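K.L.:
Structure supplied as model_39.txt; contents: compact mmCIF, C-alpha atoms.
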# COMPACT_ATOMS: atom_id res chain seq x y z
CA MET E 1 -42.25 -59.98 -84.20
CA ALA E 2 -38.64 -60.26 -83.11
CA ASP E 3 -39.25 -63.77 -81.76
CA THR E 4 -40.83 -64.82 -85.07
CA THR E 5 -37.84 -63.50 -87.07
CA LYS E 6 -35.47 -65.31 -84.75
CA THR E 7 -37.39 -68.55 -85.20
CA ILE E 8 -37.17 -68.28 -89.03
CA GLU E 9 -33.46 -67.55 -88.90
CA GLU E 10 -32.92 -70.53 -86.59
CA LYS E 11 -34.82 -72.79 -88.98
CA LEU E 12 -32.79 -71.56 -91.96
CA THR E 13 -29.59 -72.21 -90.06
CA THR E 14 -30.79 -75.73 -89.26
CA VAL E 15 -31.62 -76.38 -92.93
CA LYS E 16 -28.22 -75.11 -94.09
CA THR E 17 -26.48 -77.29 -91.51
CA SER E 18 -28.48 -80.31 -92.61
CA LEU E 19 -27.63 -79.75 -96.28
CA SER E 20 -23.98 -79.39 -95.39
CA ASN E 21 -24.11 -82.67 -93.47
CA ILE E 22 -25.82 -84.35 -96.42
CA LYS E 23 -23.10 -83.15 -98.77
CA THR E 24 -20.40 -84.39 -96.38
CA SER E 25 -22.11 -87.77 -96.12
CA ILE E 26 -22.29 -88.12 -99.90
CA VAL E 27 -18.64 -87.20 -100.33
CA ASN E 28 -17.66 -89.72 -97.66
CA LYS E 29 -19.50 -92.40 -99.66
CA GLY E 30 -17.32 -91.67 -102.68
CA GLN E 31 -19.73 -89.52 -104.70
CA THR E 32 -19.50 -85.89 -105.80
CA PRO E 33 -22.79 -84.00 -105.35
CA THR E 34 -23.58 -81.26 -107.87
CA GLY E 35 -26.65 -79.27 -108.81
CA ASP E 36 -29.82 -78.79 -106.78
CA ILE E 37 -31.38 -80.80 -103.93
CA THR E 38 -32.89 -83.25 -106.45
CA THR E 39 -29.38 -84.41 -107.37
CA TYR E 40 -28.53 -84.74 -103.68
CA ALA E 41 -31.66 -86.83 -103.13
CA THR E 42 -30.68 -89.21 -105.95
CA ALA E 43 -27.25 -89.64 -104.47
CA ILE E 44 -28.70 -90.20 -100.99
CA ASP E 45 -31.12 -92.79 -102.37
CA ASN E 46 -28.23 -94.66 -103.98
CA ILE E 47 -26.36 -94.66 -100.68
CA SER E 48 -29.37 -95.86 -98.68
CA THR E 49 -30.08 -98.71 -101.11
CA GLY E 50 -26.46 -99.72 -101.38
CA ILE E 51 -26.04 -98.78 -105.07
CA THR E 52 -22.47 -97.92 -106.01
CA PRO E 53 -21.86 -96.26 -109.41
CA SER E 54 -20.06 -98.66 -111.73
CA GLY E 55 -19.30 -99.27 -115.38
CA THR E 56 -18.80 -96.81 -118.23
CA ILE E 57 -21.43 -95.03 -120.29
CA SER E 58 -20.60 -94.40 -123.96
CA ILE E 59 -21.70 -90.97 -125.20
CA THR E 60 -21.67 -90.49 -128.98
CA GLU E 61 -24.20 -87.67 -129.44
CA ASN E 62 -24.54 -84.13 -128.15
CA GLY E 63 -27.21 -83.59 -125.50
CA THR E 64 -27.99 -84.22 -121.82
CA HIS E 65 -27.08 -87.67 -120.53
CA ASP E 66 -27.95 -89.33 -117.18
CA VAL E 67 -24.67 -90.60 -115.78
CA THR E 68 -25.85 -91.02 -112.15
CA ASN E 69 -25.18 -94.76 -111.91
CA TYR E 70 -21.94 -94.83 -113.91
CA ALA E 71 -18.43 -94.57 -112.55
CA SER E 72 -17.05 -93.05 -115.78
CA ALA E 73 -18.05 -91.87 -119.25
CA ASN E 74 -16.44 -92.42 -122.63
CA VAL E 75 -17.26 -89.36 -124.79
CA ASN E 76 -16.71 -89.62 -128.54
CA VAL E 77 -18.98 -87.19 -130.36
CA VAL E 78 -18.05 -86.95 -134.06
CA GLY E 79 -17.66 -83.34 -135.20
CA TYR E 80 -17.91 -81.96 -131.68
CA ILE E 81 -15.55 -79.10 -130.90
CA PRO E 82 -15.10 -78.64 -127.13
CA ARG E 83 -14.85 -74.96 -126.20
CA VAL E 84 -14.06 -72.87 -123.18
CA ILE E 85 -14.42 -69.17 -122.42
CA GLU E 86 -11.14 -67.35 -122.03
CA ASN E 87 -10.89 -63.59 -121.61
CA GLY E 88 -14.41 -63.21 -122.93
CA LEU E 89 -13.73 -65.22 -126.11
CA PHE E 90 -14.77 -68.74 -127.04
CA ARG E 91 -11.78 -70.96 -127.78
CA VAL E 92 -11.47 -74.60 -128.69
CA VAL E 93 -9.82 -76.80 -126.10
CA ASN E 94 -6.84 -77.55 -128.28
CA THR E 95 -4.43 -79.83 -126.47
CA HIS E 96 -5.00 -82.96 -128.58
CA TYR E 97 -5.86 -81.63 -132.05
CA ASN E 98 -3.49 -82.54 -134.91
CA LYS E 99 -6.05 -82.08 -137.70
CA PHE E 100 -8.90 -79.59 -137.91
CA THR E 101 -11.93 -80.24 -140.12
CA LEU E 102 -15.54 -79.11 -140.34
CA PRO E 103 -18.62 -81.24 -141.13
CA GLU E 104 -19.14 -81.76 -144.87
CA ASP E 105 -22.40 -79.79 -144.95
CA VAL E 106 -20.75 -76.63 -143.55
CA ASN E 107 -19.77 -74.27 -146.38
CA THR E 108 -19.64 -70.94 -144.54
CA VAL E 109 -18.45 -69.67 -141.16
CA PHE E 110 -20.51 -66.93 -139.56
CA GLU E 111 -19.29 -63.76 -137.85
CA GLY E 112 -16.64 -64.45 -135.25
CA ALA E 113 -17.60 -68.14 -135.04
CA LEU E 114 -14.05 -69.51 -134.98
CA ALA E 115 -12.06 -66.43 -134.04
CA TYR E 116 -9.02 -67.48 -131.96
CA ALA E 117 -10.37 -71.07 -132.02
CA LEU E 118 -7.04 -72.93 -132.09
CA TYR E 119 -4.68 -70.07 -131.36
CA GLY E 120 -1.31 -71.45 -130.37
CA CYS E 121 -2.23 -75.12 -130.81
CA TYR E 122 1.30 -76.48 -131.09
CA VAL E 123 0.27 -80.04 -132.11
CA LEU E 124 -1.95 -79.06 -135.06
CA THR E 125 -0.44 -80.17 -138.39
CA SER E 126 -3.30 -79.95 -140.90
CA VAL E 127 -6.32 -77.70 -141.58
CA GLU E 128 -8.92 -79.17 -143.95
CA LEU E 129 -11.55 -76.57 -144.89
CA SER E 130 -12.09 -77.50 -148.53
CA ASN E 131 -15.89 -77.36 -148.20
CA LEU E 132 -15.88 -73.65 -147.26
CA THR E 133 -16.96 -71.24 -150.01
CA GLU E 134 -17.34 -67.97 -148.09
CA LEU E 135 -16.39 -66.40 -144.79
CA SER E 136 -18.20 -63.74 -142.76
CA THR E 137 -16.73 -60.85 -140.76
CA ASN E 138 -13.95 -61.93 -138.36
CA SER E 139 -15.03 -65.56 -138.78
CA LEU E 140 -11.49 -67.00 -138.70
CA THR E 141 -9.57 -64.10 -137.19
CA SER E 142 -6.41 -65.53 -135.56
CA ALA E 143 -8.06 -68.97 -135.62
CA PHE E 144 -4.79 -70.83 -136.23
CA GLU E 145 -2.29 -68.13 -135.35
CA GLN E 146 1.00 -69.44 -133.91
CA CYS E 147 0.15 -73.08 -134.66
CA THR E 148 3.83 -73.84 -134.97
CA SER E 149 3.48 -77.44 -136.26
CA LEU E 150 0.92 -76.65 -138.97
CA THR E 151 2.21 -77.67 -142.43
CA SER E 152 -0.79 -77.64 -144.80
CA VAL E 153 -4.01 -75.68 -145.33
CA ASP E 154 -6.77 -76.59 -147.78
CA LEU E 155 -9.15 -73.74 -148.62
CA SER E 156 -9.44 -74.84 -152.23
CA ASN E 157 -13.13 -73.93 -152.69
CA LEU E 158 -13.12 -70.65 -150.80
CA LYS E 159 -14.36 -67.87 -153.09
CA THR E 160 -15.15 -64.87 -150.89
CA VAL E 161 -13.30 -63.38 -147.91
CA THR E 162 -15.15 -60.54 -146.20
CA VAL E 163 -14.14 -57.94 -143.60
CA SER E 164 -11.17 -59.19 -141.52
CA SER E 165 -12.33 -62.81 -141.85
CA LEU E 166 -8.79 -64.13 -142.41
CA GLN E 167 -6.94 -61.47 -140.44
CA ASP E 168 -3.88 -63.01 -138.70
CA THR E 169 -5.40 -66.45 -139.30
CA PHE E 170 -2.11 -68.25 -140.02
CA ASN E 171 0.29 -65.63 -138.70
CA LEU E 172 3.50 -67.17 -137.34
CA CYS E 173 2.70 -70.68 -138.55
CA ILE E 174 6.41 -71.16 -139.03
CA ARG E 175 6.24 -74.67 -140.58
CA LEU E 176 3.45 -73.99 -143.06
CA THR E 177 4.57 -75.04 -146.56
CA SER E 178 1.38 -75.63 -148.54
CA VAL E 179 -1.73 -73.44 -149.00
CA ASP E 180 -4.50 -73.92 -151.57
CA LEU E 181 -6.54 -70.80 -152.26
CA SER E 182 -6.96 -71.51 -155.96
CA SER E 183 -10.71 -70.63 -156.07
CA LEU E 184 -10.53 -67.33 -154.16
CA THR E 185 -11.94 -64.42 -156.20
CA THR E 186 -12.64 -61.56 -153.78
CA VAL E 187 -10.95 -60.19 -150.67
CA GLY E 188 -12.97 -57.65 -148.69
CA THR E 189 -11.76 -54.77 -146.51
CA GLY E 190 -8.92 -56.00 -144.30
CA GLY E 191 -9.93 -59.52 -145.25
CA MET E 192 -6.44 -61.06 -145.29
CA THR E 193 -4.41 -58.58 -143.28
CA SER E 194 -1.28 -60.39 -141.99
CA CYS E 195 -2.98 -63.70 -142.85
CA PHE E 196 0.28 -65.55 -143.62
CA SER E 197 2.73 -63.11 -142.08
CA GLN E 198 5.98 -64.71 -140.86
CA CYS E 199 5.23 -68.13 -142.34
CA ASP E 200 8.93 -68.81 -142.81
CA LYS E 201 8.66 -72.01 -144.88
CA LEU E 202 5.89 -71.01 -147.30
CA GLN E 203 7.45 -71.14 -150.79
CA SER E 204 4.58 -70.56 -153.22
CA ILE E 205 0.94 -69.56 -153.24
CA ASN E 206 -1.71 -70.06 -155.92
CA LEU E 207 -4.13 -67.15 -156.07
CA SER E 208 -4.80 -67.59 -159.77
CA SER E 209 -8.57 -66.92 -159.50
CA LEU E 210 -8.31 -63.76 -157.41
CA THR E 211 -9.75 -60.73 -159.23
CA THR E 212 -10.45 -58.10 -156.56
CA VAL E 213 -8.64 -56.89 -153.46
CA ASN E 214 -10.45 -54.14 -151.57
CA THR E 215 -9.15 -51.55 -149.08
CA ARG E 216 -6.26 -53.03 -147.07
CA GLY E 217 -7.49 -56.43 -148.21
CA MET E 218 -4.02 -58.00 -148.37
CA SER E 219 -2.03 -55.54 -146.31
CA THR E 220 1.06 -57.33 -144.88
CA CYS E 221 -0.55 -60.61 -145.97
CA PHE E 222 2.75 -62.37 -146.78
CA SER E 223 5.07 -60.05 -144.90
CA GLN E 224 8.30 -61.79 -143.80
CA CYS E 225 7.54 -65.04 -145.62
CA ARG E 226 11.26 -65.40 -146.17
CA GLN E 227 11.12 -68.54 -148.33
CA LEU E 228 8.31 -67.33 -150.64
CA GLN E 229 9.54 -67.41 -154.23
CA THR E 230 6.54 -67.19 -156.59
CA VAL E 231 3.02 -65.79 -156.42
CA ASN E 232 0.35 -66.30 -159.07
CA LEU E 233 -1.96 -63.27 -159.25
CA SER E 234 -2.63 -63.69 -162.95
CA SER E 235 -6.38 -62.88 -162.72
CA LEU E 236 -6.10 -59.87 -160.42
CA THR E 237 -7.74 -56.84 -162.03
CA THR E 238 -8.55 -54.44 -159.20
CA VAL E 239 -6.64 -53.26 -156.13
CA GLY E 240 -8.27 -50.85 -153.67
CA ASN E 241 -6.66 -48.22 -151.48
CA LYS E 242 -3.67 -49.81 -149.71
CA GLY E 243 -5.01 -53.13 -150.91
CA MET E 244 -1.50 -54.56 -151.33
CA SER E 245 0.32 -52.33 -148.85
CA SER E 246 3.44 -54.14 -147.57
CA CYS E 247 1.86 -57.34 -148.85
CA PHE E 248 5.22 -58.97 -149.71
CA SER E 249 7.53 -56.86 -147.57
CA GLN E 250 10.70 -58.66 -146.41
CA CYS E 251 10.09 -61.67 -148.65
CA ASP E 252 13.81 -62.19 -149.11
CA LYS E 253 13.58 -64.86 -151.85
CA LEU E 254 10.64 -63.56 -153.88
CA GLN E 255 11.56 -63.78 -157.57
CA SER E 256 8.34 -63.30 -159.53
CA VAL E 257 4.79 -62.05 -159.19
CA ASP E 258 2.29 -62.41 -162.03
CA LEU E 259 0.23 -59.21 -162.33
CA SER E 260 -0.62 -59.66 -165.99
CA SER E 261 -4.33 -58.75 -165.72
CA LEU E 262 -4.13 -55.75 -163.36
CA THR E 263 -6.14 -52.82 -164.76
CA THR E 264 -7.17 -50.68 -161.75
CA ILE E 265 -5.18 -49.32 -158.80
CA ALA E 266 -6.88 -47.04 -156.27
CA GLY E 267 -5.29 -44.81 -153.63
CA GLU E 268 -1.96 -46.11 -152.36
CA GLY E 269 -2.68 -49.55 -153.76
CA PHE E 270 0.93 -50.81 -153.88
CA ILE E 271 2.55 -48.73 -151.16
CA GLN E 272 5.64 -50.63 -149.93
CA ALA E 273 4.19 -53.78 -151.53
CA PHE E 274 7.61 -55.32 -152.32
CA SER E 275 9.83 -53.47 -149.86
CA GLY E 276 12.78 -55.56 -148.77
CA CYS E 277 12.35 -58.17 -151.52
CA LYS E 278 16.09 -58.29 -152.06
CA ILE E 279 16.32 -60.44 -155.18
CA LEU E 280 13.18 -59.31 -157.01
CA SER E 281 14.52 -58.34 -160.40
CA ILE E 282 11.48 -57.69 -162.59
CA LEU E 283 7.88 -56.47 -162.41
CA ASN E 284 5.49 -56.25 -165.37
CA PHE E 285 2.24 -54.27 -165.54
CA PRO E 286 1.10 -55.09 -169.11
CA ALA E 287 -2.65 -54.47 -168.69
CA LEU E 288 -2.60 -50.99 -167.12
CA THR E 289 -4.22 -48.30 -169.23
CA SER E 290 -4.57 -44.52 -169.15
CA LYS E 291 -7.89 -45.12 -167.35
CA SER E 292 -6.36 -47.24 -164.62
CA PHE E 293 -5.69 -44.18 -162.45
CA SER E 294 -8.22 -41.47 -161.69
CA HIS E 295 -5.36 -39.19 -160.57
CA TYR E 296 -2.00 -39.41 -158.80
CA THR E 297 -2.46 -40.76 -155.26
CA ASN E 298 0.92 -42.36 -154.52
CA GLN E 299 -0.22 -45.63 -156.07
CA PHE E 300 3.33 -47.04 -156.09
CA ASN E 301 4.78 -45.10 -153.14
CA PHE E 302 7.98 -46.79 -151.85
CA MET E 303 6.91 -49.99 -153.62
CA LEU E 304 10.55 -51.13 -153.98
CA THR E 305 12.19 -49.75 -150.84
CA GLY E 306 15.19 -51.92 -149.99
CA VAL E 307 15.27 -53.50 -153.47
CA THR E 308 18.30 -53.07 -155.73
CA GLY E 309 18.41 -53.35 -159.53
CA CYS E 310 14.77 -54.18 -160.26
CA THR E 311 13.35 -53.41 -163.74
CA VAL E 312 9.71 -52.34 -163.97
CA HIS E 313 7.89 -52.53 -167.30
CA PHE E 314 4.79 -50.55 -168.34
CA PRO E 315 2.83 -50.17 -171.60
CA SER E 316 4.36 -47.55 -173.87
CA ASN E 317 1.34 -45.23 -173.80
CA LEU E 318 1.57 -44.78 -170.01
CA GLU E 319 4.77 -42.75 -170.14
CA SER E 320 2.78 -39.59 -170.76
CA VAL E 321 0.39 -40.48 -167.93
CA ILE E 322 2.65 -41.59 -165.07
CA GLY E 323 6.17 -40.88 -166.34
CA SER E 324 6.49 -37.68 -164.28
CA TRP E 325 5.01 -39.04 -161.05
CA SER E 326 7.47 -38.80 -158.17
CA ASP E 327 6.97 -42.49 -157.37
CA VAL E 328 8.20 -43.32 -160.86
CA THR E 329 11.03 -40.81 -161.10
CA ARG E 330 12.37 -41.95 -157.72
CA GLY E 331 12.37 -45.56 -158.85
CA PHE E 332 9.60 -46.48 -156.40
CA GLY E 333 12.02 -45.99 -153.51
CA GLY E 334 14.41 -48.68 -154.76
CA THR E 335 18.11 -48.48 -155.62
CA ASN E 336 19.20 -48.47 -159.28
CA THR E 337 15.63 -49.13 -160.40
CA THR E 338 15.04 -49.17 -164.17
CA VAL E 339 11.62 -48.02 -165.37
CA LEU E 340 10.76 -48.88 -168.96
CA PHE E 341 7.67 -48.05 -171.02
CA ASP E 342 8.35 -50.79 -173.51
CA LEU E 343 5.31 -53.06 -173.37
CA PRO E 344 2.61 -52.99 -176.10
CA ALA E 345 0.33 -49.98 -175.86
CA THR E 346 -3.06 -50.48 -174.18
CA THR E 347 -6.33 -48.72 -174.87
Show how you would write the structure in this file as structure tokens.

P.N.:
Amino acid sequence: MADTTKTIEEKLTTVKTSLSNIKTSIVNKGQTPTGDITTYATAIDNISTGITPSGTISITENGTHDVTNYASANVNVVGYIPRVIENGLFRVVNTHYNKFTLPEDVNTVFEGALAYALYGCYVLTSVELSNLTELSTNSLTSAFEQCTSLTSVDLSNLKTVTVSSLQDTFNLCIRLTSVDLSSLTTVGTGGMTSCFSQCDKLQSINLSSLTTVNTRGMSTCFSQCRQLQTVNLSSLTTVGNKGMSSCFSQCDKLQSVDLSSLTTIAGEGFIQAFSGCKILSILNFPALTSKSFSHYTNQFNFMLTGVTGCTVHFPSNLESVIGSWSDVTRGFGGTNTTVLFDLPATT
């Protein structure tokens, strides 16, 4: 039995040595063997018949291509996004991208599909996603974060943002100046947390169709956008718990925010929402009613911390409802805040 085992081991050693010699022979002939013995055999056959790989194969479609007899390949697959695995996450190989688009028939991005896709792509200048209408959970989380050359983003048909789908997506895109979110209606839980945080050159944002922001939906969304001057939230009716918490904090040049349709604020909906907005001089809440608040839950807690001389206007009938709240009597944490109940009464 021992002799038989020895014979098998000797034969295996011989086979391994032979395969190693074959590989060496192929390499010496200028080829690179990969895969199983079938691939080796093809390469050996080419050597024995004198065939030397030459020419270039053009690859324009996804799939498996036989490149055995070609010296090089020219790959140009329209819509193909090369990806690698890094730290357990799929990421796009981003060295040469200056514009990011999706095929025209793609109108949604599924859970996690493009998370971290082009993180830190320093050559990217434009993101064209105008065909998207909805996003799933974490679908674009940090997808374009720290793309420091990015200047424009088109999400003009996007209507629904779900859980964390735009979290940190454009964070630290320091050259971003233009964003179109004019069709957006609903932001889910944590949907846009820190989405545009520290976008230093962003001056205005059109969110004129937005009606609902759920729990932490826009928390720190525009934090430290130091050039942001105007925000159109004219259709916004409902803000969930901490929905706008620190949303515009440290926006040094913010002058106006249109909240003309806001009717419902839950929990700490506007906690620190405008903290550090140094030149913000006026806020109007003309649509709030006595039914806008179930009870006192620090809805406006520290809303104006670091702000001096801002005047906040409410409907006249709300003085008896919120006039004694500590948020109100303390001027929302601001300095020399004026609170007036001078707007037309609401029902």

K.L.:
Which one of E:Thr230, E:Ser245, E:Gln272, E:Ser58 sits closest to Asp258 of chain E if you count all atoms listed in the file?

P.N.:
E:Thr230

K.L.:
Please compute the atom CA of Phe314 of chain E-atom CA of Phe222 of chain E distance, one decimal, in Å.

P.N.:
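Between atom CA of Phe314 of chain E and atom CA of Phe222 of chain E the gap works out to 24.7 Å.
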
K.L.:
May I have the protein, DNA and RNA residues with any atom at most 8 Å from the point (-1.4, -78.1, -136.5), counting all atoms listed in the file, written as a PyMOL selection string?

P.N.:
chain E and resi 97-100+121-127+147-151

K.L.:
Need to verify the contact set: Leu135 of chain E, 8 Å, all atoms listed in the file, exclusion of same-chain residues closer than 2 positions in sequence. Can you return it as a list in words?

P.N.:
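The neighbour list is Thr108, Val109, Phe110, Glu111, Leu132, Thr133, Thr137, Ser139, Leu140, Thr160, Val161, Thr162 and Ser165 of chain E.
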
K.L.:
With C-alpha atoms retained, export the selected residues as a short mmCIF file (atom, residue, chain, number, x, y, z; two decimals), in the coordinates of the input.

P.N.:
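part-v1.cif was written with the following content:
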data_model
loop_
_atom_site.label_atom_id
_atom_site.label_comp_id
_atom_site.auth_asym_id
_atom_site.auth_seq_id
_atom_site.Cartn_x
_atom_site.Cartn_y
_atom_site.Cartn_z
CA THR E 108 -19.64 -70.94 -144.54
CA VAL E 109 -18.45 -69.67 -141.16
CA PHE E 110 -20.51 -66.93 -139.56
CA GLU E 111 -19.29 -63.76 -137.85
CA LEU E 132 -15.88 -73.65 -147.26
CA THR E 133 -16.96 -71.24 -150.01
CA THR E 137 -16.73 -60.85 -140.76
CA SER E 139 -15.03 -65.56 -138.78
CA LEU E 140 -11.49 -67.00 -138.70
CA THR E 160 -15.15 -64.87 -150.89
CA VAL E 161 -13.30 -63.38 -147.91
CA THR E 162 -15.15 -60.54 -146.20
CA SER E 165 -12.33 -62.81 -141.85
#

K.L.:
Can you tell me which residues surround Glu145 of chain E at a distance of at most 9 Å, considering all atoms listed in the file, apart from same-chain residues fewer than 3 positions away, and format the answer as a ChimeraX atom specification?

P.N.:
/E:116,118-121,141-142,148,168-173,195

K.L.:
Between atom CA of Pro286 of chain E and atom CA of Val213 of chain E, what is the spacing in Å?

P.N.:
18.5 Å

K.L.:
Atoms are missing here; could segment 110-136 of chain E be completed with N, CA and C atoms and written as a compact mmCIF listing (two decimals), keeping the file's coordinate frame?

P.N.:
# COMPACT_ATOMS: atom_id res chain seq x y z
N PHE E 110 -19.87 -68.20 -139.86
CA PHE E 110 -20.51 -66.93 -139.56
C PHE E 110 -19.63 -66.03 -138.70
N GLU E 111 -20.09 -64.81 -138.48
CA GLU E 111 -19.29 -63.76 -137.85
C GLU E 111 -18.68 -64.20 -136.52
N GLY E 112 -17.36 -64.16 -136.48
CA GLY E 112 -16.64 -64.45 -135.25
C GLY E 112 -16.70 -65.89 -134.75
N ALA E 113 -17.30 -66.79 -135.54
CA ALA E 113 -17.60 -68.14 -135.04
C ALA E 113 -16.37 -68.92 -134.61
N LEU E 114 -15.26 -68.76 -135.32
CA LEU E 114 -14.05 -69.51 -134.98
C LEU E 114 -12.87 -68.59 -134.70
N ALA E 115 -13.15 -67.35 -134.37
CA ALA E 115 -12.06 -66.43 -134.04
C ALA E 115 -11.26 -66.96 -132.86
N TYR E 116 -9.95 -67.02 -133.00
CA TYR E 116 -9.02 -67.48 -131.96
C TYR E 116 -9.25 -68.95 -131.57
N ALA E 117 -9.95 -69.72 -132.40
CA ALA E 117 -10.37 -71.07 -132.02
C ALA E 117 -9.22 -71.98 -131.60
N LEU E 118 -8.17 -72.04 -132.40
CA LEU E 118 -7.04 -72.93 -132.09
C LEU E 118 -5.74 -72.14 -131.98
N TYR E 119 -5.84 -70.94 -131.52
CA TYR E 119 -4.68 -70.07 -131.36
C TYR E 119 -3.60 -70.78 -130.53
N GLY E 120 -2.42 -70.89 -131.12
CA GLY E 120 -1.31 -71.45 -130.37
C GLY E 120 -1.37 -72.95 -130.15
N CYS E 121 -2.16 -73.66 -130.95
CA CYS E 121 -2.23 -75.12 -130.81
C CYS E 121 -0.98 -75.74 -131.42
N TYR E 122 -0.02 -76.09 -130.61
CA TYR E 122 1.30 -76.48 -131.09
C TYR E 122 1.33 -77.87 -131.71
N VAL E 123 0.26 -78.69 -131.53
CA VAL E 123 0.27 -80.04 -132.11
C VAL E 123 -0.48 -80.10 -133.44
N LEU E 124 -1.17 -79.05 -133.81
CA LEU E 124 -1.95 -79.06 -135.06
C LEU E 124 -1.04 -79.09 -136.28
N THR E 125 -1.28 -80.05 -137.19
CA THR E 125 -0.44 -80.17 -138.39
C THR E 125 -1.21 -79.91 -139.68
N SER E 126 -2.54 -80.05 -139.66
CA SER E 126 -3.30 -79.95 -140.90
C SER E 126 -4.64 -79.26 -140.67
N VAL E 127 -5.01 -78.37 -141.61
CA VAL E 127 -6.32 -77.70 -141.58
C VAL E 127 -7.04 -78.02 -142.88
N GLU E 128 -8.14 -78.73 -142.78
CA GLU E 128 -8.92 -79.17 -143.95
C GLU E 128 -10.26 -78.43 -143.96
N LEU E 129 -10.34 -77.39 -144.80
CA LEU E 129 -11.55 -76.57 -144.89
C LEU E 129 -12.00 -76.46 -146.35
N SER E 130 -11.82 -77.54 -147.09
CA SER E 130 -12.09 -77.50 -148.53
C SER E 130 -13.56 -77.32 -148.88
N ASN E 131 -14.47 -77.55 -147.92
CA ASN E 131 -15.89 -77.36 -148.20
C ASN E 131 -16.35 -75.91 -148.03
N LEU E 132 -15.50 -75.05 -147.45
CA LEU E 132 -15.88 -73.65 -147.26
C LEU E 132 -15.86 -72.89 -148.58
N THR E 133 -16.91 -72.08 -148.81
CA THR E 133 -16.96 -71.24 -150.01
C THR E 133 -16.94 -69.75 -149.68
N GLU E 134 -17.37 -69.39 -148.47
CA GLU E 134 -17.34 -67.97 -148.09
C GLU E 134 -17.16 -67.83 -146.58
N LEU E 135 -16.63 -66.68 -146.19
CA LEU E 135 -16.39 -66.40 -144.79
C LEU E 135 -17.00 -65.06 -144.41
N SER E 136 -17.60 -64.99 -143.24
CA SER E 136 -18.20 -63.74 -142.76
C SER E 136 -17.19 -62.94 -141.94
